[in-house]
Amino acid sequence: MPGAIYAEGLVKTFGDVRALDGVDIDVPEGTVLGLLGPNGAGKTTTVRVLTTLMRPDKGRAEVAGLDVLKYPNEVRRSIGLSGQFAAVDDYLTGRENLQMVGQLYQLSARDAKRRADELLERFNLAEAADRTAKTYSGGMRRRLDLAAALIISPPVMFMDEPTTGLDPMNRQALWEVIEELVASGATLLLTTQYLEEADRLADTIAVVDHGKVIARGTSDELKSQSGGDVVEVVVHDRARLAEAEEVLRRLGAGETTRVEHTRKLGVPAPGGARTLAEVIRELDALGIEMDDIGLRRPTLDDVFLSLTGHAAGADGGEDPPPGAAPDGPPDERARTRDQVRKKVSR
């Protein structure tokens with residue numbers, strides 16, 4: 001049975017650019033999928049298709065059990081979306097922005113106001129609630145947009161690089177909000193370039209590059225694919241580097257690395273702590289003094305490099321620019337601003 005978010009064979013092209021090239025996704029209910037990939041890998045295009053903002057050229061997708069092409073309106077009522085760019089109305093106050101979104105979701109005026117007040121407190125915006133959004137800093141606008149995505153406590157959430165532009169304190173606060181959401185049963189698809197973010201929040205991770213899912217699994221499973229543990233040694237005496245390197249070559253399980261100017265040596269160590277202990281004993285027996293030694297476990301940075309050949313922030317393809325969604329629905333928030341201002345000011 002498909003999960004709360006499901007996609008099969010999604011294809012989307014823009015001219016000669018194949019933004020999606022057969023993307024498959026399955027996110028079980030109550031879990032977080034981290035969609036990880038470099039700039040332009042296809043992450044945002046995937047989100048736009050799943051949230052009905054863009055029609056795929058091929059493939060099918062379901063969200064909350066609903067076909068996104070057959071039942072787009074019902075899908076929109078079941079999801080929350082926070083895009084890469086804060087979709088707030090500059091001419092409304094923070095409170096009015098949230099009340100407007102609540103009323104677009106057909107909350108009563110009273111419920112919309114109550115929910116807006118709750119979210120303003122939750123995102124540390126209460127003191128600025130009655131200022132127009134155009135006076136907000138970039139980080140404040142980002143938090144307001146995230147609050148708007150949560151106005152109805154949706155069962156399925158899409159967050160496209162949600163912490164971009166947030167300082168470390170507010171990023172940490174958002175992570176806690178996300179963890180609370182998932183603990184309450186929500187399902188989340190999260191795109192990010194912050195590897196620490198995916199490591200902390202995602203139950204499973206799908207690595208996307210050039211419009212394809214090239215790897216998937218838990219964080220630990222993906223890390224194990226990048227070569228496993230490495231014993232690293234910093235030798236005190238440069239003249240004894242060659243001796244120490246021979247020890248690592250003999251006790252390790254692969255090619256050694258050597259950085260001359262830092263006197264650092266490394267070797268793959270599938271035996272983990274056991275190999276580390278053997279290296280320490282051998283170097284000590286030979287009287288080779290060490291400034292540092294340790295077991296380095298692979299990170300998601302290593303996963304990126306091993307799978308894609310480039311770092312997370314490097315360009316990997318082309319997503320369309322923010323306005324390139326001609327087949328998506330109009331911006332209802334901007335269109336109904338004047339009507340909502342009248343309602344919320346009563």
# chains A, B, ... in the order shown; residues from 1 in each chain; ligands from 1

call {"tool": "select_by_dssp", "arguments": {"residues": "segment 8-216 of chain A", "states": "strand (DSSP E or B)", "output": "count of residues only"}}
result
60

call {"tool": "residues_around", "arguments": {"residues": "Glu161 of chain A", "least_positions_apart": "2", "cutoff": "10 Å", "atoms": "only C-alpha atoms", "output": "list of chain:residue names"}}
result
A:Leu35, A:Leu36, A:Lys43, A:Thr44, A:Ser82, A:Gly83, A:Gln84, A:Phe85, A:Phe158, A:Met159, A:Thr163, A:Thr164, A:Gly165, A:Leu190, A:Thr191, A:Thr192, A:Gln193, A:Tyr194, A:Glu197

call {"tool": "residues_around", "arguments": {"residues": "Gly42 of chain A", "least_positions_apart": "4", "cutoff": "12 Å", "atoms": "only C-alpha atoms", "output": "PyMOL selection string"}}
result
chain A and resi 10-14+17-23+35-38+46-49+160+191-192+206-214+315-321

call {"tool": "select_by_dssp", "arguments": {"residues": "segment 62-300 of chain A", "states": "alpha helix (DSSP H)", "output": "NGL selection string"}}
result
:A and (72-77 or 94-104 or 109-122 or 138-149 or 168-183 or 195-201 or 219-224 or 241-251 or 273-285 or 300)

call {"tool": "residues_around", "arguments": {"residues": "Leu222 of chain A", "least_positions_apart": "3", "cutoff": "12 Å", "atoms": "only C-alpha atoms", "output": "JSON, numbers by chain"}}
result
{"A": [36, 198, 199, 204, 205, 206, 207, 214, 215, 216, 217, 218, 219, 225, 226, 227, 228, 298, 299, 300, 301, 302, 303, 304, 305, 306, 307]}

call {"tool": "write_last_selection", "arguments": {"atoms": "N, CA and C atoms", "output": "mmCIF file, in the first residue's frame"}}
result
data_model
loop_
_atom_site.group_PDB
_atom_site.id
_atom_site.type_symbol
_atom_site.label_atom_id
_atom_site.label_comp_id
_atom_site.auth_asym_id
_atom_site.auth_seq_id
_atom_site.Cartn_x
_atom_site.Cartn_y
_atom_site.Cartn_z
ATOM 1 N N LEU A 36 17.595 14.946 -0.505
ATOM 2 C CA LEU A 36 18.906 15.558 -0.395
ATOM 3 C C LEU A 36 19.540 15.633 -1.774
ATOM 4 N N ALA A 198 19.292 16.859 7.621
ATOM 5 C CA ALA A 198 18.805 15.550 7.183
ATOM 6 C C ALA A 198 19.198 14.464 8.177
ATOM 7 N N ASP A 199 20.419 14.567 8.695
ATOM 8 C CA ASP A 199 20.908 13.570 9.650
ATOM 9 C C ASP A 199 20.028 13.532 10.895
ATOM 10 N N THR A 204 14.285 8.433 6.623
ATOM 11 C CA THR A 204 14.978 7.923 5.442
ATOM 12 C C THR A 204 15.401 9.104 4.577
ATOM 13 N N ILE A 205 16.417 8.880 3.752
ATOM 14 C CA ILE A 205 16.967 9.921 2.896
ATOM 15 C C ILE A 205 17.003 9.407 1.468
ATOM 16 N N ALA A 206 16.579 10.255 0.533
ATOM 17 C CA ALA A 206 16.730 9.953 -0.895
ATOM 18 C C ALA A 206 17.676 10.997 -1.476
ATOM 19 N N VAL A 207 18.752 10.530 -2.092
ATOM 20 C CA VAL A 207 19.724 11.435 -2.701
ATOM 21 C C VAL A 207 19.352 11.614 -4.168
ATOM 22 N N ILE A 214 19.368 8.623 -6.860
ATOM 23 C CA ILE A 214 20.530 7.760 -7.088
ATOM 24 C C ILE A 214 20.872 6.899 -5.880
ATOM 25 N N ALA A 215 20.269 7.182 -4.735
ATOM 26 C CA ALA A 215 20.484 6.353 -3.552
ATOM 27 C C ALA A 215 19.392 6.660 -2.544
ATOM 28 N N ARG A 216 19.061 5.691 -1.726
ATOM 29 C CA ARG A 216 18.087 5.905 -0.654
ATOM 30 C C ARG A 216 18.386 4.949 0.489
ATOM 31 N N GLY A 217 17.981 5.357 1.681
ATOM 32 C CA GLY A 217 18.194 4.538 2.863
ATOM 33 C C GLY A 217 18.226 5.418 4.097
ATOM 34 N N THR A 218 18.478 4.817 5.238
ATOM 35 C CA THR A 218 18.656 5.612 6.451
ATOM 36 C C THR A 218 19.995 6.323 6.374
ATOM 37 N N SER A 219 20.197 7.263 7.279
ATOM 38 C CA SER A 219 21.468 7.980 7.314
ATOM 39 C C SER A 219 22.630 7.018 7.499
ATOM 40 N N GLN A 225 27.809 3.230 2.781
ATOM 41 C CA GLN A 225 28.147 3.074 1.368
ATOM 42 C C GLN A 225 29.350 3.919 0.957
ATOM 43 N N SER A 226 29.737 4.865 1.813
ATOM 44 C CA SER A 226 30.806 5.787 1.420
ATOM 45 C C SER A 226 32.176 5.337 1.894
ATOM 46 N N GLY A 227 32.283 4.102 2.359
ATOM 47 C CA GLY A 227 33.608 3.569 2.667
ATOM 48 C C GLY A 227 33.834 3.190 4.110
ATOM 49 N N GLY A 228 32.901 3.451 5.012
ATOM 50 C CA GLY A 228 33.067 3.038 6.400
ATOM 51 C C GLY A 228 34.039 3.901 7.181
ATOM 52 N N PRO A 298 32.123 8.143 8.695
ATOM 53 C CA PRO A 298 31.693 8.894 7.509
ATOM 54 C C PRO A 298 30.526 9.813 7.840
ATOM 55 N N THR A 299 30.439 10.908 7.125
ATOM 56 C CA THR A 299 29.349 11.866 7.277
ATOM 57 C C THR A 299 28.527 11.886 5.996
ATOM 58 N N LEU A 300 27.408 12.624 6.026
ATOM 59 C CA LEU A 300 26.631 12.768 4.798
ATOM 60 C C LEU A 300 27.389 13.563 3.739
ATOM 61 N N ASP A 301 28.357 14.387 4.174
ATOM 62 C CA ASP A 301 29.235 15.041 3.200
ATOM 63 C C ASP A 301 29.981 13.990 2.380
ATOM 64 N N ASP A 302 30.469 12.972 3.067
ATOM 65 C CA ASP A 302 31.168 11.891 2.368
ATOM 66 C C ASP A 302 30.227 11.171 1.407
ATOM 67 N N VAL A 303 28.974 10.990 1.827
ATOM 68 C CA VAL A 303 27.990 10.344 0.965
ATOM 69 C C VAL A 303 27.817 11.144 -0.318
ATOM 70 N N PHE A 304 27.664 12.455 -0.167
ATOM 71 C CA PHE A 304 27.505 13.318 -1.338
ATOM 72 C C PHE A 304 28.669 13.176 -2.299
ATOM 73 N N LEU A 305 29.849 13.279 -1.748
ATOM 74 C CA LEU A 305 31.032 13.232 -2.598
ATOM 75 C C LEU A 305 31.172 11.883 -3.299
ATOM 76 N N SER A 306 30.892 10.813 -2.560
ATOM 77 C CA SER A 306 31.061 9.483 -3.154
ATOM 78 C C SER A 306 29.987 9.179 -4.192
ATOM 79 N N LEU A 307 28.764 9.712 -3.983
ATOM 80 C CA LEU A 307 27.673 9.395 -4.893
ATOM 81 C C LEU A 307 27.596 10.318 -6.104
#

call {"tool": "decode", "arguments": {"residues": "segment 261-276 of chain A", "atoms": "all heavy atoms", "output": "CSV table (one decimal), in the first residue's frame"}}
result
chain,number,residue,atom,x,y,z
A,261,HIS,N,51.9,18.3,4.6
A,261,HIS,CA,52.1,19.5,5.4
A,261,HIS,C,51.4,19.4,6.8
A,261,HIS,O,51.9,20.1,7.7
A,261,HIS,CB,51.6,20.7,4.6
A,261,HIS,CG,50.1,20.8,4.5
A,261,HIS,ND1,49.5,20.1,3.6
A,261,HIS,CD2,49.2,21.6,5.2
A,261,HIS,CE1,48.2,20.4,3.7
A,261,HIS,NE2,48.0,21.3,4.6
A,262,THR,N,50.4,18.6,6.9
A,262,THR,CA,49.8,18.4,8.3
A,262,THR,C,50.2,17.2,9.0
A,262,THR,O,49.9,16.9,10.1
A,262,THR,CB,48.2,18.4,8.1
A,262,THR,OG1,47.9,17.2,7.3
A,262,THR,CG2,47.7,19.6,7.5
A,263,ARG,N,51.1,16.3,8.3
A,263,ARG,CA,51.6,15.1,8.9
A,263,ARG,C,50.4,14.1,9.2
A,263,ARG,O,50.5,13.3,10.1
A,263,ARG,CB,52.5,15.3,10.1
A,263,ARG,CG,53.5,16.4,9.9
A,263,ARG,CD,54.4,16.6,11.1
A,263,ARG,NE,53.7,16.7,12.3
A,263,ARG,CZ,53.1,17.9,12.7
A,263,ARG,NH1,53.1,18.9,11.9
A,263,ARG,NH2,52.4,17.9,13.9
A,264,LYS,N,49.4,14.2,8.4
A,264,LYS,CA,48.2,13.3,8.7
A,264,LYS,C,48.1,12.2,7.8
A,264,LYS,O,48.3,12.3,6.5
A,264,LYS,CB,46.9,14.1,8.6
A,264,LYS,CG,45.6,13.3,8.8
A,264,LYS,CD,44.4,14.1,8.6
A,264,LYS,CE,44.1,15.0,9.8
A,264,LYS,NZ,42.7,15.7,9.7
A,265,LEU,N,47.9,11.0,8.3
A,265,LEU,CA,47.7,9.8,7.6
A,265,LEU,C,46.3,9.2,7.8
A,265,LEU,O,45.8,9.4,8.9
A,265,LEU,CB,48.8,8.7,8.0
A,265,LEU,CG,50.3,9.1,7.9
A,265,LEU,CD1,51.1,8.1,8.6
A,265,LEU,CD2,50.6,9.2,6.4
A,266,GLY,N,45.8,8.5,6.9
A,266,GLY,CA,44.5,7.8,7.1
A,266,GLY,C,44.5,6.5,6.3
A,266,GLY,O,45.1,6.3,5.3
A,267,VAL,N,43.6,5.6,6.8
A,267,VAL,CA,43.4,4.3,6.1
A,267,VAL,C,42.0,3.8,6.4
A,267,VAL,O,41.5,4.0,7.6
A,267,VAL,CB,44.5,3.3,6.5
A,267,VAL,CG1,44.3,2.8,7.9
A,267,VAL,CG2,44.5,2.1,5.5
A,268,PRO,N,41.3,3.2,5.4
A,268,PRO,CA,40.0,2.6,5.8
A,268,PRO,C,40.1,1.5,6.8
A,268,PRO,O,41.1,0.7,6.8
A,268,PRO,CB,39.6,2.0,4.4
A,268,PRO,CG,40.3,2.8,3.4
A,268,PRO,CD,41.6,3.2,4.0
A,269,ALA,N,39.2,1.5,7.8
A,269,ALA,CA,39.3,0.6,8.9
A,269,ALA,C,37.9,-0.1,9.1
A,269,ALA,O,37.2,0.3,10.0
A,269,ALA,CB,39.7,1.3,10.1
A,270,PRO,N,37.6,-1.1,8.3
A,270,PRO,CA,36.3,-1.8,8.5
A,270,PRO,C,36.2,-2.4,9.9
A,270,PRO,O,35.1,-2.7,10.4
A,270,PRO,CB,36.2,-2.8,7.4
A,270,PRO,CG,37.7,-3.0,7.0
A,270,PRO,CD,38.3,-1.7,7.2
A,271,GLY,N,37.3,-2.7,10.5
A,271,GLY,CA,37.3,-3.3,11.9
A,271,GLY,C,37.0,-2.2,13.0
A,271,GLY,O,36.9,-2.6,14.1
A,272,GLY,N,36.9,-1.0,12.6
A,272,GLY,CA,36.5,0.1,13.5
A,272,GLY,C,37.5,0.2,14.7
A,272,GLY,O,38.7,0.4,14.5
A,273,ALA,N,36.9,0.2,15.9
A,273,ALA,CA,37.7,0.4,17.1
A,273,ALA,C,38.8,-0.6,17.3
A,273,ALA,O,39.9,-0.3,17.8
A,273,ALA,CB,36.8,0.4,18.3
A,274,ARG,N,38.6,-1.9,16.8
A,274,ARG,CA,39.6,-2.9,16.9
A,274,ARG,C,40.8,-2.5,16.1
A,274,ARG,O,42.0,-2.6,16.6
A,274,ARG,CB,39.0,-4.2,16.5
A,274,ARG,CG,40.0,-5.4,16.5
A,274,ARG,CD,39.4,-6.7,16.1
A,274,ARG,NE,38.7,-6.6,14.8
A,274,ARG,CZ,39.3,-6.6,13.6
A,274,ARG,NH1,40.6,-6.7,13.6
A,274,ARG,NH2,38.6,-6.5,12.5
A,275,THR,N,40.6,-2.0,14.9
A,275,THR,CA,41.7,-1.6,14.1
A,275,THR,C,42.5,-0.4,14.7
A,275,THR,O,43.7,-0.4,14.7
A,275,THR,CB,41.3,-1.3,12.6
A,275,THR,OG1,40.6,-2.4,12.1
A,275,THR,CG2,42.4,-0.9,11.8
A,276,LEU,N,41.7,0.5,15.2
A,276,LEU,CA,42.3,1.7,15.9
A,276,LEU,C,43.2,1.2,17.0
A,276,LEU,O,44.3,1.7,17.2
A,276,LEU,CB,41.2,2.6,16.4
A,276,LEU,CG,41.6,3.8,17.3
A,276,LEU,CD1,42.5,4.7,16.4
A,276,LEU,CD2,40.4,4.5,17.9
